[in-house]
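Encoded as structure tokens, the structure appears first; notes follow it.
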Amino acid sequence: MALEVACARVGWSYRRLQPPPAVVAVNLRWLAGYRHPRYQGPPGLWVALAEAFAAPRPLADGAAAVGDPLQVLPVVYHALWSGWLETRLDEPLSERALLCARGDDRGRADIPAASAAGRNEG
């Protein structure tokens, strides 16, 4: 394959990936619609989401606990896209999907106070 040879000549590796499973592709396509910073929401909302989803909880329950779902859900989807919230993407993303705040060592200090810092918007 010509592309593989060209990559090898410049020291790059080339590999061809298989497309993701259908459910993963649908979920990623949905979440990608919320990647723009306009979906970050008002100040303090990310802290409320981190608290609501500190333990795994259904998406609809956590969103309702934070506020009006019409205002909160776009921010939840943006947080999922950005990696602030986590869920299984190999299962359909629905109101029953279990979400939790990212459990890494960065903690809440890394949550944007006004969500204006932006992160992973691509």
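The chains in the structure tokens are called A, B, ... from first to last as shown; in each chain the residues are counted from 1, and the ligands are counted from 1 in the order shown.
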
Can you tell me which residues surround Ala25 (chain A) at a distance of at most 10 Å, considering only C-alpha atoms, apart from same-chain residues fewer than 6 positions away, and format the answer as a VMD selection string? chain A and resid 19 31 89 to 90

Run DSSP on the backbone and grab whatever in chain A lands in strand (DSSP E); send it over as number ranges by chain. A: 57-58, 85-86, 98-101

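Distances here use only C-alpha atoms; by that measure, the residue among A:Pro42, A:Arg16, A:Ala101, A:Trp81 closest to Leu3 (chain A) is A:Arg16.
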
Write out, as JSON lines, each residue of region 72-96 of chain A that has an atom at most 10 Å from region 54-66 of chain A, together with the closest pair of atoms and their distance in Å to one decimal, counting only C-alpha atoms, rows going by chain and rising number.
{"residue": "A:Val72", "atom": "CA", "partner": "A:Ala63", "partner_atom": "CA", "distance": 5.9}
{"residue": "A:Leu73", "atom": "CA", "partner": "A:Ala63", "partner_atom": "CA", "distance": 6.3}
{"residue": "A:Pro74", "atom": "CA", "partner": "A:Ala63", "partner_atom": "CA", "distance": 9.8}
{"residue": "A:Val75", "atom": "CA", "partner": "A:Ala63", "partner_atom": "CA", "distance": 9.3}
{"residue": "A:Val76", "atom": "CA", "partner": "A:Ala63", "partner_atom": "CA", "distance": 7.3}
{"residue": "A:Tyr77", "atom": "CA", "partner": "A:Leu59", "partner_atom": "CA", "distance": 9.8}
{"residue": "A:Leu85", "atom": "CA", "partner": "A:Ala54", "partner_atom": "CA", "distance": 9.5}
{"residue": "A:Glu86", "atom": "CA", "partner": "A:Pro56", "partner_atom": "CA", "distance": 9.2}
{"residue": "A:Thr87", "atom": "CA", "partner": "A:Pro56", "partner_atom": "CA", "distance": 8.8}
{"residue": "A:Leu93", "atom": "CA", "partner": "A:Leu59", "partner_atom": "CA", "distance": 8.9}
{"residue": "A:Ser94", "atom": "CA", "partner": "A:Leu59", "partner_atom": "CA", "distance": 7.4}
{"residue": "A:Glu95", "atom": "CA", "partner": "A:Ala60", "partner_atom": "CA", "distance": 4.8}
{"residue": "A:Arg96", "atom": "CA", "partner": "A:Pro58", "partner_atom": "CA", "distance": 4.8}

Save out the residues we just selected, N, CA and C atoms, as a PDB file, in the first residue's frame.
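Everything below was put into result.pdb:
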ATOM      1  N   VAL A  72     -29.989  21.868  32.043  1.00  0.00           N
ATOM      2  CA  VAL A  72     -28.878  21.062  32.551  1.00  0.00           C
ATOM      3  C   VAL A  72     -28.401  20.019  31.543  1.00  0.00           C
ATOM      4  N   LEU A  73     -29.315  19.405  30.795  1.00  0.00           N
ATOM      5  CA  LEU A  73     -28.919  18.314  29.899  1.00  0.00           C
ATOM      6  C   LEU A  73     -27.859  18.711  28.867  1.00  0.00           C
ATOM      7  N   PRO A  74     -27.965  19.869  28.210  1.00  0.00           N
ATOM      8  CA  PRO A  74     -26.884  20.221  27.282  1.00  0.00           C
ATOM      9  C   PRO A  74     -25.519  20.301  27.970  1.00  0.00           C
ATOM     10  N   VAL A  75     -25.495  20.755  29.208  1.00  0.00           N
ATOM     11  CA  VAL A  75     -24.236  20.855  29.954  1.00  0.00           C
ATOM     12  C   VAL A  75     -23.742  19.454  30.320  1.00  0.00           C
ATOM     13  N   VAL A  76     -24.666  18.564  30.649  1.00  0.00           N
ATOM     14  CA  VAL A  76     -24.305  17.172  30.931  1.00  0.00           C
ATOM     15  C   VAL A  76     -23.664  16.545  29.696  1.00  0.00           C
ATOM     16  N   TYR A  77     -24.278  16.751  28.529  1.00  0.00           N
ATOM     17  CA  TYR A  77     -23.720  16.177  27.295  1.00  0.00           C
ATOM     18  C   TYR A  77     -22.358  16.785  26.970  1.00  0.00           C
ATOM     19  N   LEU A  85     -17.568  14.066  32.819  1.00  0.00           N
ATOM     20  CA  LEU A  85     -18.451  12.997  33.276  1.00  0.00           C
ATOM     21  C   LEU A  85     -18.149  11.779  32.412  1.00  0.00           C
ATOM     22  N   GLU A  86     -18.419  10.610  32.959  1.00  0.00           N
ATOM     23  CA  GLU A  86     -18.136   9.364  32.249  1.00  0.00           C
ATOM     24  C   GLU A  86     -19.367   8.483  32.220  1.00  0.00           C
ATOM     25  N   THR A  87     -19.469   7.694  31.166  1.00  0.00           N
ATOM     26  CA  THR A  87     -20.500   6.673  31.043  1.00  0.00           C
ATOM     27  C   THR A  87     -20.007   5.639  30.044  1.00  0.00           C
ATOM     28  N   LEU A  93     -27.067   5.621  24.940  1.00  0.00           N
ATOM     29  CA  LEU A  93     -27.107   6.761  25.851  1.00  0.00           C
ATOM     30  C   LEU A  93     -28.573   7.153  26.018  1.00  0.00           C
ATOM     31  N   SER A  94     -29.086   6.935  27.223  1.00  0.00           N
ATOM     32  CA  SER A  94     -30.501   7.209  27.491  1.00  0.00           C
ATOM     33  C   SER A  94     -30.620   7.822  28.878  1.00  0.00           C
ATOM     34  N   GLU A  95     -31.838   8.126  29.258  1.00  0.00           N
ATOM     35  CA  GLU A  95     -32.070   8.715  30.587  1.00  0.00           C
ATOM     36  C   GLU A  95     -31.670   7.768  31.712  1.00  0.00           C
ATOM     37  N   ARG A  96     -31.584   6.472  31.411  1.00  0.00           N
ATOM     38  CA  ARG A  96     -31.199   5.482  32.422  1.00  0.00           C
ATOM     39  C   ARG A  96     -29.700   5.192  32.446  1.00  0.00           C
TER      40      ARG A  96
END

Top pick for closest residue to Met1 (chain A), considering A:Leu80, A:Arg15, A:Leu70, A:Ala48 and counting only C-alpha atoms: A:Arg15

As JSON, numbers by chain, please: every residue in chain A that DSSP puts in helix (DSSP H, G or I). {"A": [2, 3, 4, 5, 6, 7, 8, 9, 22, 23, 24, 25, 26, 27, 28, 29, 30, 31, 32, 37, 38, 39, 45, 46, 47, 48, 49, 50, 51, 52, 59, 60, 61, 62, 63, 64, 65, 66, 69, 70, 71, 72, 73, 74, 75, 76, 77, 78, 79, 80, 81, 82, 108, 109, 110]}
